[in-house]
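Participant: protein_12.txt (compact mmCIF, C-alpha atoms and all ligand atoms) pasted underneath:
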# COMPACT_ATOMS: atom_id res chain seq x y z
CA MET A 112 138.99 44.68 108.79
CA PHE A 113 136.55 46.78 106.79
CA ASP A 114 134.83 49.29 109.06
CA ILE A 115 131.97 51.26 107.63
CA LYS A 116 132.64 54.08 110.13
CA GLU A 117 136.25 54.47 108.98
CA HIS A 118 136.72 53.32 105.44
CA SER A 119 135.52 54.60 102.09
CA HIS A 120 132.70 52.61 100.69
CA ARG A 121 129.80 52.81 98.31
CA ARG A 122 126.19 52.69 99.39
CA PHE A 123 123.37 51.63 97.10
CA ASN A 124 120.20 53.66 96.71
CA PRO A 125 117.51 51.05 96.03
CA LEU A 126 115.00 53.74 95.01
CA THR A 127 117.09 55.10 92.14
CA ARG A 128 119.38 52.08 91.77
CA GLU A 129 122.39 54.42 91.86
CA TRP A 130 125.42 54.48 94.14
CA VAL A 131 126.85 57.10 96.49
CA LEU A 132 130.46 57.24 97.66
CA VAL A 133 130.87 57.63 101.45
CA SER A 134 134.23 58.83 102.80
CA PRO A 135 133.84 58.90 106.60
CA HIS A 136 137.57 59.37 107.26
CA ARG A 137 137.29 62.87 105.77
CA ALA A 138 134.91 63.94 108.50
CA LYS A 139 136.76 62.30 111.38
CA ARG A 140 137.89 65.60 112.75
CA PRO A 141 135.68 66.11 115.79
CA TRP A 142 132.72 68.40 115.50
CA LEU A 143 133.81 71.73 116.92
CA GLY A 144 130.39 72.39 118.35
CA GLN A 145 130.36 75.68 116.53
CA THR A 146 127.74 77.97 117.99
CA GLU A 147 125.74 79.77 115.38
CA GLU A 148 124.68 83.34 115.60
CA ILE A 149 120.94 83.62 115.64
CA VAL A 150 119.89 85.04 112.30
CA ALA A 151 117.49 87.87 113.01
CA ASP A 152 114.47 87.04 110.90
CA SER A 153 113.06 90.49 110.54
CA ARG A 154 110.43 89.84 107.92
CA PRO A 155 107.15 91.69 108.45
CA ALA A 156 103.86 89.76 108.67
CA TYR A 157 102.80 91.64 105.53
CA ASP A 158 105.14 92.95 102.83
CA PRO A 159 103.61 95.42 100.36
CA GLU A 160 106.28 94.41 97.81
CA CYS A 161 105.62 90.66 98.00
CA TYR A 162 103.81 89.11 95.04
CA LEU A 163 102.39 86.37 97.27
CA CYS A 164 100.99 88.44 100.15
CA PRO A 165 97.17 88.82 100.26
CA GLY A 166 95.77 91.73 98.24
CA ASN A 167 99.02 92.38 96.36
CA GLU A 168 99.52 92.47 92.62
CA ARG A 169 101.48 89.75 90.86
CA ALA A 170 103.62 90.08 87.74
CA GLY A 171 101.18 90.39 84.87
CA GLY A 172 98.75 92.46 86.89
CA VAL A 173 96.50 89.89 88.61
CA ARG A 174 95.71 90.80 92.21
CA ASN A 175 95.75 88.17 94.96
CA PRO A 176 92.57 87.87 97.01
CA GLU A 177 92.61 88.74 100.71
CA TYR A 178 93.11 85.06 101.47
CA LYS A 179 92.96 83.92 105.08
CA ASN A 180 94.59 80.48 105.03
CA THR A 181 95.98 79.02 101.84
CA PHE A 182 95.86 80.28 98.27
CA VAL A 183 96.46 78.40 95.01
CA PHE A 184 96.96 80.06 91.62
CA ASP A 185 98.20 79.18 88.17
CA ASN A 186 101.88 80.05 87.86
CA ASP A 187 102.19 83.27 85.85
CA PHE A 188 105.39 81.91 84.28
CA PRO A 189 104.56 78.22 83.84
CA ALA A 190 107.26 75.83 82.63
CA LEU A 191 104.50 73.61 81.26
CA ILE A 192 101.30 74.62 79.50
CA GLU A 193 98.29 72.61 78.37
CA ASP A 194 97.98 74.07 74.93
CA VAL A 195 100.86 72.40 73.09
CA PRO A 196 100.24 70.61 69.78
CA ALA A 197 101.29 66.96 69.79
CA GLY A 198 104.49 66.24 67.90
CA GLU A 199 107.82 64.52 68.03
CA PHE A 200 110.93 63.91 66.01
CA ASN A 201 113.84 61.56 66.11
CA SER A 202 116.99 61.75 64.02
CA GLU A 203 118.86 58.46 64.15
CA GLY A 204 118.10 57.96 67.83
CA LEU A 205 120.32 60.93 68.64
CA ILE A 206 118.37 64.10 68.21
CA ILE A 207 115.06 63.36 69.79
CA SER A 208 112.24 65.47 71.14
CA ARG A 209 108.60 65.22 72.08
CA ALA A 210 105.95 67.82 72.83
CA GLU A 211 105.05 67.90 76.52
CA ARG A 212 101.81 69.17 78.00
CA GLY A 213 101.19 70.13 81.57
CA LEU A 214 100.49 72.88 84.03
CA CYS A 215 102.12 74.64 86.97
CA LYS A 216 100.60 76.01 90.14
CA VAL A 217 101.80 77.99 93.11
CA VAL A 218 100.49 77.18 96.60
CA CYS A 219 100.74 79.83 99.32
CA PHE A 220 100.86 78.05 102.67
CA SER A 221 99.84 81.05 104.77
CA PRO A 222 98.88 84.71 104.36
CA ARG A 223 101.68 85.51 106.84
CA HIS A 224 104.79 86.65 105.01
CA ASP A 225 106.99 85.97 108.04
CA LEU A 226 106.06 82.34 108.67
CA ALA A 227 107.25 78.97 107.39
CA ILE A 228 106.07 75.42 108.05
CA PRO A 229 108.10 75.02 111.27
CA ARG A 230 106.42 78.05 112.83
CA MET A 231 102.92 77.59 111.48
CA ALA A 232 100.19 76.23 113.73
CA GLN A 233 99.44 72.52 113.47
CA ALA A 234 95.95 73.19 112.08
CA ASP A 235 97.38 75.45 109.39
CA VAL A 236 99.89 72.82 108.26
CA GLU A 237 97.01 70.33 108.16
CA ARG A 238 95.21 72.76 105.85
CA VAL A 239 98.23 72.86 103.54
CA LEU A 240 98.10 69.07 103.42
CA SER A 241 94.41 69.18 102.52
CA VAL A 242 95.19 71.60 99.71
CA TRP A 243 98.03 69.41 98.43
CA THR A 244 95.71 66.40 98.54
CA GLU A 245 92.87 68.19 96.72
CA GLN A 246 95.28 69.49 94.09
CA PHE A 247 96.69 66.01 93.59
CA GLN A 248 93.18 64.63 93.09
CA GLU A 249 92.05 67.41 90.77
CA LEU A 250 95.16 67.31 88.62
CA ALA A 251 95.25 63.50 88.55
CA ALA A 252 91.73 63.50 87.13
CA LEU A 253 92.71 65.66 84.15
CA PRO A 254 93.21 63.75 80.91
CA GLY A 255 96.84 63.69 79.85
CA ILE A 256 98.19 64.36 83.35
CA ASN A 257 100.19 61.30 84.34
CA TYR A 258 102.33 62.71 87.10
CA VAL A 259 101.80 65.37 89.77
CA GLN A 260 104.91 66.70 91.49
CA ILE A 261 104.29 68.67 94.67
CA PHE A 262 107.39 70.43 95.98
CA GLU A 263 108.79 73.29 98.03
CA ASN A 264 112.00 75.21 97.52
CA ARG A 265 112.88 76.92 100.75
CA GLY A 266 115.55 79.61 100.93
CA ALA A 267 117.40 81.65 98.35
CA MET A 268 120.17 79.03 98.41
CA MET A 269 117.73 76.60 96.81
CA GLY A 270 116.60 79.11 94.22
CA CYS A 271 113.46 80.15 96.03
CA SER A 272 112.39 83.52 94.66
CA ASN A 273 110.47 84.77 97.67
CA PRO A 274 110.56 84.05 101.44
CA HIS A 275 106.76 84.07 101.65
CA PRO A 276 105.82 80.46 102.60
CA HIS A 277 104.86 78.71 99.38
CA GLY A 278 105.44 75.70 97.22
CA GLN A 279 104.78 74.64 93.67
CA ILE A 280 103.01 71.89 91.79
CA TRP A 281 103.98 70.82 88.31
CA ALA A 282 101.80 68.26 86.58
CA ASN A 283 102.49 66.76 83.19
CA GLU A 284 102.09 64.02 80.65
CA THR A 285 105.15 61.90 81.32
CA VAL A 286 106.61 60.63 84.57
CA PRO A 287 109.68 62.80 85.38
CA ASN A 288 113.14 61.21 85.72
CA GLU A 289 113.31 60.75 89.51
CA PRO A 290 109.89 59.14 90.04
CA ARG A 291 110.51 57.16 86.83
CA LYS A 292 113.60 55.59 88.38
CA GLU A 293 111.61 54.88 91.56
CA GLN A 294 108.78 53.41 89.53
CA ASP A 295 111.19 50.94 87.94
CA ALA A 296 112.78 50.16 91.31
CA PHE A 297 109.43 49.55 93.06
CA SER A 298 108.31 47.24 90.25
CA LEU A 299 111.59 45.35 90.09
CA TYR A 300 111.84 44.90 93.87
CA LYS A 301 108.28 43.60 94.04
CA GLN A 302 109.01 41.19 91.22
CA GLU A 303 112.20 39.91 92.82
CA HIS A 304 111.19 39.91 96.50
CA GLY A 305 107.42 39.66 96.40
CA HIS A 306 106.76 42.71 98.57
CA CYS A 307 107.10 46.50 98.69
CA LEU A 308 110.59 48.00 98.77
CA LEU A 309 109.73 50.82 101.18
CA CYS A 310 107.56 48.67 103.47
CA ARG A 311 110.59 46.44 103.97
CA TYR A 312 113.06 49.31 104.27
CA LEU A 313 110.79 50.93 106.86
CA ASP A 314 110.86 47.74 108.97
CA LEU A 315 114.64 47.53 108.72
CA GLU A 316 115.10 51.14 109.81
CA LEU A 317 112.66 50.70 112.71
CA GLU A 318 114.62 47.63 113.77
CA LEU A 319 118.07 49.22 113.47
CA GLY A 320 117.16 52.67 114.78
CA GLU A 321 120.51 54.31 114.02
CA ARG A 322 119.24 56.51 111.19
CA ARG A 323 115.90 57.33 112.77
CA VAL A 324 115.27 61.05 113.33
CA LEU A 325 111.56 61.32 114.10
CA GLU A 326 108.70 58.92 114.31
CA ASN A 327 105.02 58.89 115.09
CA GLU A 328 102.18 56.42 114.71
CA HIS A 329 101.99 56.84 110.93
CA PHE A 330 105.31 58.23 109.67
CA LEU A 331 109.03 57.70 110.05
CA ALA A 332 111.75 60.23 109.15
CA VAL A 333 115.22 58.78 108.58
CA VAL A 334 118.47 59.93 107.08
CA PRO A 335 118.42 57.21 104.43
CA TYR A 336 121.35 54.80 104.32
CA TRP A 337 122.20 56.14 100.85
CA ALA A 338 121.80 59.86 101.65
CA VAL A 339 123.74 62.24 99.42
CA TRP A 340 122.86 65.59 100.99
CA PRO A 341 124.35 66.13 104.48
CA PHE A 342 121.05 66.21 106.38
CA GLU A 343 118.90 64.55 103.78
CA ILE A 344 115.65 63.01 105.04
CA LEU A 345 113.40 60.33 103.69
CA LEU A 346 109.94 60.59 105.19
CA ILE A 347 108.08 57.30 104.85
CA SER A 348 104.44 56.48 105.42
CA LYS A 349 104.21 53.53 107.81
CA ARG A 350 101.16 52.20 106.03
CA HIS A 351 101.42 51.22 102.41
CA ARG A 352 99.71 54.21 100.76
CA THR A 353 100.26 55.10 97.12
CA GLY A 354 99.43 58.78 97.45
CA LEU A 355 98.31 61.60 99.75
CA ASP A 356 94.71 60.95 98.68
CA GLU A 357 94.77 57.56 100.41
CA LEU A 358 95.64 58.98 103.83
CA PRO A 359 92.75 58.95 106.29
CA ILE A 360 92.48 62.12 108.40
CA SER A 361 94.42 60.59 111.30
CA GLU A 362 97.40 59.88 109.03
CA ARG A 363 97.24 63.29 107.43
CA THR A 364 97.33 64.82 110.91
CA SER A 365 100.38 62.72 111.77
CA LEU A 366 102.03 63.85 108.56
CA ALA A 367 101.44 67.51 109.43
CA THR A 368 102.91 66.88 112.88
CA ILE A 369 106.07 65.26 111.59
CA LEU A 370 106.51 67.95 108.90
CA ARG A 371 106.46 70.61 111.61
CA GLU A 372 108.74 68.66 113.93
CA LEU A 373 111.24 67.91 111.21
CA THR A 374 111.45 71.48 109.93
CA ILE A 375 111.85 72.70 113.53
CA LEU A 376 114.86 70.38 113.97
CA TYR A 377 116.21 71.66 110.68
CA ASP A 378 115.90 75.32 111.73
CA ASN A 379 117.45 74.52 115.10
CA LEU A 380 120.47 72.82 113.54
CA PHE A 381 122.22 76.06 112.59
CA LYS A 382 119.74 78.45 114.19
CA THR A 383 118.78 79.73 110.80
CA PRO A 384 115.84 79.26 108.42
CA PHE A 385 117.08 76.00 106.95
CA PRO A 386 117.05 75.85 103.14
CA TYR A 387 115.95 72.74 101.32
CA SER A 388 114.07 71.35 98.37
CA MET A 389 111.42 68.90 99.43
CA GLY A 390 108.73 67.06 97.57
CA PHE A 391 106.33 64.15 97.71
CA HIS A 392 106.70 61.11 95.53
CA GLN A 393 103.34 59.55 94.83
CA ARG A 394 102.02 57.07 92.29
CA PRO A 395 101.81 58.17 88.66
CA THR A 396 98.32 59.34 87.79
CA ASP A 397 97.82 57.31 84.63
CA ASP A 398 95.02 54.74 84.54
CA ASN A 399 96.93 52.04 86.45
CA PRO A 400 96.40 51.55 90.19
CA HIS A 401 100.18 51.39 90.88
CA HIS A 402 99.89 49.23 94.01
CA GLU A 403 103.70 48.97 93.94
CA TRP A 404 104.06 52.65 94.89
CA HIS A 405 104.75 53.71 98.44
CA LEU A 406 104.13 57.33 99.41
CA HIS A 407 107.19 59.18 100.70
CA ALA A 408 108.82 62.61 100.75
CA HIS A 409 112.43 63.60 100.18
CA PHE A 410 114.13 66.55 101.84
CA TYR A 411 117.33 67.64 100.13
CA PRO A 412 119.04 70.38 102.18
CA PRO A 413 122.40 71.78 101.05
CA LEU A 414 123.80 73.08 104.38
CA LEU A 415 126.74 71.14 105.77
CA ARG A 416 128.51 72.83 108.64
CA SER A 417 126.89 76.19 109.36
CA ALA A 418 124.34 78.64 108.07
CA THR A 419 126.70 79.43 105.19
CA VAL A 420 128.87 76.38 104.55
CA ARG A 421 127.09 74.24 102.02
CA LYS A 422 127.63 71.12 100.04
CA PHE A 423 128.14 71.52 96.33
CA MET A 424 127.52 68.92 93.69
CA VAL A 425 130.56 69.68 91.57
CA GLY A 426 133.66 68.02 90.17
CA TYR A 427 133.61 64.30 90.93
CA GLU A 428 129.91 64.45 91.73
CA MET A 429 129.04 65.91 88.33
CA LEU A 430 131.43 63.69 86.46
CA GLY A 431 131.53 60.58 88.60
CA THR A 432 129.32 59.79 91.58
CA PRO A 433 127.85 61.83 94.45
CA GLN A 434 129.99 61.69 97.58
CA ARG A 435 129.52 62.48 101.27
CA ASP A 436 131.81 62.83 104.28
CA ILE A 437 129.53 62.69 107.30
CA THR A 438 127.78 59.37 107.51
CA ALA A 439 124.01 59.06 107.46
CA GLU A 440 124.23 57.69 111.02
CA SER A 441 126.10 60.69 112.40
CA ALA A 442 123.76 63.13 110.62
CA ALA A 443 120.76 61.34 112.14
CA GLU A 444 122.35 61.45 115.58
CA ARG A 445 122.91 65.20 115.34
CA LEU A 446 119.36 65.88 114.20
CA ARG A 447 117.96 63.67 116.99
CA SER A 448 119.93 65.53 119.63
CA LEU A 449 118.44 68.94 118.80
CA PRO A 450 115.77 70.71 120.86
CA THR A 451 112.25 70.10 119.58
CA HIS A 452 111.19 73.67 120.30
CA HIS A 453 111.87 76.29 117.58
CA TYR A 454 114.80 78.55 118.47
CA LEU A 455 112.85 81.70 117.60
CA ASP A 456 110.01 80.75 119.93
CA ASP A 457 112.20 80.66 123.04
P1 LIG A 501 109.95 79.69 93.70
O1 LIG A 501 110.02 80.63 94.83
O2 LIG A 501 110.12 78.24 94.10
O3 LIG A 501 110.83 80.12 92.59
O4 LIG A 501 108.44 79.75 93.14
C1 LIG A 501 107.83 80.94 92.79
C2 LIG A 501 107.04 80.75 91.54
O5 LIG A 501 106.14 81.84 91.44
C3 LIG A 501 107.88 80.76 90.27
O6 LIG A 501 107.70 79.55 89.59
C4 LIG A 501 105.98 82.21 90.10
C5 LIG A 501 107.33 81.94 89.46
O7 LIG A 501 107.17 81.58 88.11
N1 LIG A 501 105.53 83.59 90.06
C6 LIG A 501 104.24 83.86 89.64
O8 LIG A 501 103.51 82.94 89.25
N2 LIG A 501 103.78 85.14 89.65
C7 LIG A 501 104.52 86.21 90.03
O9 LIG A 501 104.01 87.32 90.06
C8 LIG A 501 105.94 86.03 90.39
C9 LIG A 501 106.44 84.63 90.47
ZN ZN A 502 104.43 87.87 101.29
Written as structure tokens, that's how I'd like the structure from this file.
Facilitator:
Amino acid sequence: MFDIKEHSHRRFNPLTREWVLVSPHRAKRPWLGQTEEIVADSRPAYDPECYLCPGNERAGGVRNPEYKNTFVFDNDFPALIEDVPAGEFNSEGLIISRAERGLCKVVCFSPRHDLAIPRMAQADVERVLSVWTEQFQELAALPGINYVQIFENRGAMMGCSNPHPHGQIWANETVPNEPRKEQDAFSLYKQEHGHCLLCRYLDLELELGERRVLENEHFLAVVPYWAVWPFEILLISKRHRTGLDELPISERTSLATILRELTILYDNLFKTPFPYSMGFHQRPTDDNPHHEWHLHAHFYPPLLRSATVRKFMVGYEMLGTPQRDITAESAAERLRSLPTHHYLDD
């Protein structure tokens, strides 16, 4: 008899329409309940060497203001710039390129060098959400900006260049690959089933409960059925909203709350600042209303078994299909069982 808890199987990701291989038998060895050493986080509140701290000089010589809450600036090394002449070429459908316009911003979440979302005050996280929302609106209104990607890389393991709490925003002409796949999936699901993919998935997860990690009036955080990363999270708006700009204040407050709670669980998992890449997926900002879109955020954290043992996407995953050993259900159970109070605030 096929048992999903024992036997290898594939799970379908309806958002990307790709598969993941799940091999639960490989993780059947019991969890050893490894106790982690508390990583002394000895960062100062202000670091004179940090290019994001208030009053300091950035590469290229610009000086940051003495900002008190959040601070947004144009990336000094942008991957996308606005001033690119239009142009494209195509040789026999094989060697193809197109000019791409866009812009890149950096968002400092706090003037405090030693903080991160899990240890910031609720009101300060709400302010970050206001900034993200304003940036989304401003960038969406620019001609030729058809997608706005808000994201955060946390931790050196994820390629973050600086521990000062910050994220980035890249906005450009074309819809990037991941939201493009989701765009197609949302449209197709609506066509085939007559309703929104994530509205329905949300209901299923609320009903089943086994992958639920956190929940409040307006948001649900689950380890999605098709998770690839060990403690991956899909954060779903309970109401059908297409972007951050459609959240009334009460929902934005709930979002700030669940962001703090989730990142606290993450830090508590291995008693270490938990690395991840996270980002919001919102509707494309072209001239269509995109009612099919459902606001959500993905958290992709690499850590697997301790503060140092991480998952790699190599070998079979690069050449075949992503694979995981611990099931989404067991990852959700572990996250749910953690204290809700940050380990450094004990
Ligand atoms: P990450 O930590 O996610 O790498 O983001 C930092 C960004 O900050 C990165 O994109 C930019 C880098 O280009 N940056 C500046 O804009 N100015 C600086 O003085 C250093 C880094
Ligand atoms: Zn700093």
Participant: Expressed in Å to a single decimal, how great is the separation between CA of Trp340 in chain A and CA of Gly266 in chain A?
Facilitator: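 For CA of Trp340 in chain A relative to CA of Gly266 in chain A, the distance reads 15.8 Å.
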Participant: Quick one: residues within 10 Å of Val173 in chain A, only C-alpha atoms counted, chain neighbours fewer than 4 positions away excluded, as a PDB file with C-alpha atoms, in the coordinates of the input?
Facilitator:
ATOM      1  CA  TYR A 162     103.810  89.110  95.040  1.00  0.00           C
ATOM      2  CA  GLY A 166      95.770  91.730  98.240  1.00  0.00           C
ATOM      3  CA  ASN A 167      99.020  92.380  96.360  1.00  0.00           C
ATOM      4  CA  GLU A 168      99.520  92.470  92.620  1.00  0.00           C
ATOM      5  CA  ARG A 169     101.480  89.750  90.860  1.00  0.00           C
ATOM      6  CA  ASP A 187     102.190  83.270  85.850  1.00  0.00           C
TER       7      ASP A 187
END
Participant: Work out how far apart CA of Asn201 in chain A and CA of Glu284 in chain A are and give it in Å to one decimal.
Facilitator: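 About the pair CA of Asn201 in chain A and CA of Glu284 in chain A: they are 18.9 Å apart.
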Participant: Set out as CSV a contact list for chain A and ligand LIG 501 (chain A) with a cut-off of 10 Å, giving each residue of chain A that qualifies its closest atom pair and distance in Å to one decimal, counting all atoms listed in the file, ordered by chain and rising residue number.
Facilitator:
residue,atom,partner,partner_atom,distance
A:Cys161,CA,A:LIG501,O9,8.8
A:Tyr162,CA,A:LIG501,O9,5.3
A:Leu163,CA,A:LIG501,O9,7.5
A:Asn167,CA,A:LIG501,O9,9.5
A:Glu168,CA,A:LIG501,O9,7.3
A:Arg169,CA,A:LIG501,O9,3.6
A:Ala170,CA,A:LIG501,O9,3.6
A:Gly171,CA,A:LIG501,O9,6.7
A:Gly172,CA,A:LIG501,O9,8.0
A:Val173,CA,A:LIG501,O9,8.1
A:Arg174,CA,A:LIG501,O9,9.3
A:Asn175,CA,A:LIG501,O9,9.6
A:Phe184,CA,A:LIG501,O8,7.5
A:Asp185,CA,A:LIG501,O8,6.6
A:Asn186,CA,A:LIG501,O8,3.6
A:Asp187,CA,A:LIG501,O8,3.7
A:Phe188,CA,A:LIG501,O7,4.2
A:Pro189,CA,A:LIG501,O7,6.0
A:Ala190,CA,A:LIG501,O6,7.9
A:Cys215,CA,A:LIG501,O6,7.9
A:Lys216,CA,A:LIG501,O8,7.6
A:Val217,CA,A:LIG501,O5,6.0
A:Val218,CA,A:LIG501,O5,9.0
A:Cys219,CA,A:LIG501,C1,9.7
A:Phe262,CA,A:LIG501,O2,8.5
A:Glu263,CA,A:LIG501,O2,6.5
A:Asn264,CA,A:LIG501,O2,4.9
A:Arg265,CA,A:LIG501,O2,7.3
A:Gly266,CA,A:LIG501,O1,8.3
A:Ala267,CA,A:LIG501,O1,8.2
A:Met269,CA,A:LIG501,O2,8.2
A:Gly270,CA,A:LIG501,O3,6.1
A:Cys271,CA,A:LIG501,O1,3.7
A:Ser272,CA,A:LIG501,O1,3.7
A:Asn273,CA,A:LIG501,O1,5.0
A:Pro274,CA,A:LIG501,O1,7.5
A:His275,CA,A:LIG501,O1,8.3
A:Pro276,CA,A:LIG501,O1,8.8
A:His277,CA,A:LIG501,O1,7.1
A:Gly278,CA,A:LIG501,O2,6.2
A:Gln279,CA,A:LIG501,O4,6.3
A:Ile280,CA,A:LIG501,O6,9.2
A:Trp281,CA,A:LIG501,O6,9.6
A:Ser388,CA,A:LIG501,O2,9.0
Participant: Export, as a compact mmCIF listing (two decimals), keeping the file's coordinate frame, the selected residues with C-alpha atoms.
Facilitator:
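Resulting contents of result39.txt:
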# COMPACT_ATOMS: atom_id res chain seq x y z
CA CYS A 161 105.62 90.66 98.00
CA TYR A 162 103.81 89.11 95.04
CA LEU A 163 102.39 86.37 97.27
CA ASN A 167 99.02 92.38 96.36
CA GLU A 168 99.52 92.47 92.62
CA ARG A 169 101.48 89.75 90.86
CA ALA A 170 103.62 90.08 87.74
CA GLY A 171 101.18 90.39 84.87
CA GLY A 172 98.75 92.46 86.89
CA VAL A 173 96.50 89.89 88.61
CA ARG A 174 95.71 90.80 92.21
CA ASN A 175 95.75 88.17 94.96
CA PHE A 184 96.96 80.06 91.62
CA ASP A 185 98.20 79.18 88.17
CA ASN A 186 101.88 80.05 87.86
CA ASP A 187 102.19 83.27 85.85
CA PHE A 188 105.39 81.91 84.28
CA PRO A 189 104.56 78.22 83.84
CA ALA A 190 107.26 75.83 82.63
CA CYS A 215 102.12 74.64 86.97
CA LYS A 216 100.60 76.01 90.14
CA VAL A 217 101.80 77.99 93.11
CA VAL A 218 100.49 77.18 96.60
CA CYS A 219 100.74 79.83 99.32
CA PHE A 262 107.39 70.43 95.98
CA GLU A 263 108.79 73.29 98.03
CA ASN A 264 112.00 75.21 97.52
CA ARG A 265 112.88 76.92 100.75
CA GLY A 266 115.55 79.61 100.93
CA ALA A 267 117.40 81.65 98.35
CA MET A 269 117.73 76.60 96.81
CA GLY A 270 116.60 79.11 94.22
CA CYS A 271 113.46 80.15 96.03
CA SER A 272 112.39 83.52 94.66
CA ASN A 273 110.47 84.77 97.67
CA PRO A 274 110.56 84.05 101.44
CA HIS A 275 106.76 84.07 101.65
CA PRO A 276 105.82 80.46 102.60
CA HIS A 277 104.86 78.71 99.38
CA GLY A 278 105.44 75.70 97.22
CA GLN A 279 104.78 74.64 93.67
CA ILE A 280 103.01 71.89 91.79
CA TRP A 281 103.98 70.82 88.31
CA SER A 388 114.07 71.35 98.37
Participant: So how many Å separate CA of Asp295 in chain A and CA of Leu308 in chain A, to one decimal?
Facilitator: 11.2 Å
Participant: Go through A:Leu226, A:Ala296, A:Met424, A:Val183 one by one, measure the shortest atom-to-atom distance of each to Tyr157 in chain A using all atoms listed in the file, and give the residue with the smallest value.
Facilitator: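 Among A:Leu226, A:Ala296, A:Met424, A:Val183, it is A:Leu226 that comes nearest to Tyr157 in chain A.
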Participant: Smallest atom-to-atom distance to ligand ZN 502 (chain A): which of A:Lys116, A:Arg137, A:Arg445, A:Arg154, using all atoms listed in the file?
Facilitator: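 Closest to ligand ZN 502 (chain A), using all atoms listed in the file: A:Arg154.
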Participant: At a cut-off of 12 Å around the point (92.2, 69.7, 101.4) (file coordinates), what residues fall inside when counting only C-alpha atoms? I'd like the answer as a PyMOL selection string.
Facilitator: chain A and resi 180-183+234-249+355-356+358-360+363-364
Participant: Would you mind exporting C-alpha atoms of the selected residues as a short mmCIF file (atom, residue, chain, number, x, y, z; two decimals), in the coordinates of the input?
Facilitator:
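File out_4.cif, as written:
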data_model
loop_
_atom_site.label_atom_id
_atom_site.label_comp_id
_atom_site.auth_asym_id
_atom_site.auth_seq_id
_atom_site.Cartn_x
_atom_site.Cartn_y
_atom_site.Cartn_z
CA ASN A 180 94.59 80.48 105.03
CA THR A 181 95.98 79.02 101.84
CA PHE A 182 95.86 80.28 98.27
CA VAL A 183 96.46 78.40 95.01
CA ALA A 234 95.95 73.19 112.08
CA ASP A 235 97.38 75.45 109.39
CA VAL A 236 99.89 72.82 108.26
CA GLU A 237 97.01 70.33 108.16
CA ARG A 238 95.21 72.76 105.85
CA VAL A 239 98.23 72.86 103.54
CA LEU A 240 98.10 69.07 103.42
CA SER A 241 94.41 69.18 102.52
CA VAL A 242 95.19 71.60 99.71
CA TRP A 243 98.03 69.41 98.43
CA THR A 244 95.71 66.40 98.54
CA GLU A 245 92.87 68.19 96.72
CA GLN A 246 95.28 69.49 94.09
CA PHE A 247 96.69 66.01 93.59
CA GLN A 248 93.18 64.63 93.09
CA GLU A 249 92.05 67.41 90.77
CA LEU A 355 98.31 61.60 99.75
CA ASP A 356 94.71 60.95 98.68
CA LEU A 358 95.64 58.98 103.83
CA PRO A 359 92.75 58.95 106.29
CA ILE A 360 92.48 62.12 108.40
CA ARG A 363 97.24 63.29 107.43
CA THR A 364 97.33 64.82 110.91
#
Participant: For ligand ZN 502 (chain A), which residue out of A:Ile206, A:Pro222, A:Arg128, A:Ala138 is the nearest one, using only C-alpha atoms and all ligand atoms?
Facilitator: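 Among the listed residues, the smallest separation from ligand ZN 502 (chain A) belongs to A:Pro222.
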Participant: With 8 Å on each side, where is the centre of the axis-aligned box around all listed atoms of range 121-133 of chain A, and how long are its edges in Å to one decimal, as lines of an AutoDock Vina configuration file?
Facilitator:
center_x = 122.9
center_y = 54.3
center_z = 96.6
size_x = 31.9
size_y = 22.6
size_z = 25.7
Participant: So which residues touch Ala443 in chain A within 7 Å, counting only C-alpha atoms, skipping near sequence neighbours fewer than 5 positions away, as a list in words?
Facilitator: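 What passes the distance filter is Arg322, Arg323, Val324 and Val334 of chain A.
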Participant: How about saving the chosen residues, C-alpha atoms kept, as a PDB file, in the frame of the given file?
Facilitator:
ATOM      1  CA  ARG A 322     119.240  56.510 111.190  1.00  0.00           C
ATOM      2  CA  ARG A 323     115.900  57.330 112.770  1.00  0.00           C
ATOM      3  CA  VAL A 324     115.270  61.050 113.330  1.00  0.00           C
ATOM      4  CA  VAL A 334     118.470  59.930 107.080  1.00  0.00           C
TER       5      VAL A 334
END
Participant: Restricting the calculation to all atoms listed in the file: of A:Phe113, A:Phe220, A:Trp404, A:Phe200, which residue gets closest to ligand ZN 502 (chain A)?
Facilitator: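 The answer is A:Phe220, which sits nearest to ligand ZN 502 (chain A).
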Participant: Using only C-alpha atoms and all ligand atoms, which residue out of A:Gly305, A:Pro159, A:Pro450, A:Pro413 lies closest to ligand ZN 502 (chain A)?
Facilitator: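 Result for the nearest residue to ligand ZN 502 (chain A): A:Pro159.
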Participant: List the spatial neighbours of Phe410 in chain A as a ChimeraX atom specification - criterion: any atom at most 6 Å away, all atoms listed in the file, same-chain residues fewer than 2 positions off excluded.
Facilitator: /A:343-344,388-389
Participant: Just want the 9 Å neighbourhood of Gln294 in chain A, counted on only C-alpha atoms, with same-chain residues fewer than 3 positions away dropped. Output as a list in words.
Facilitator: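 Using only C-alpha atoms, the neighbours found are Leu126, Thr127, Glu289, Pro290, Arg291, Phe297, Ser298, Leu299, Arg394, Pro395, His401, Glu403 and Trp404 of chain A.
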Participant: Let me make sure I understand: among A:Leu406, A:Ala442, A:Met268, A:Met231, which one has the smallest atom-to-atom distance to Thr368 in chain A if we use all atoms listed in the file?
Facilitator: A:Met231
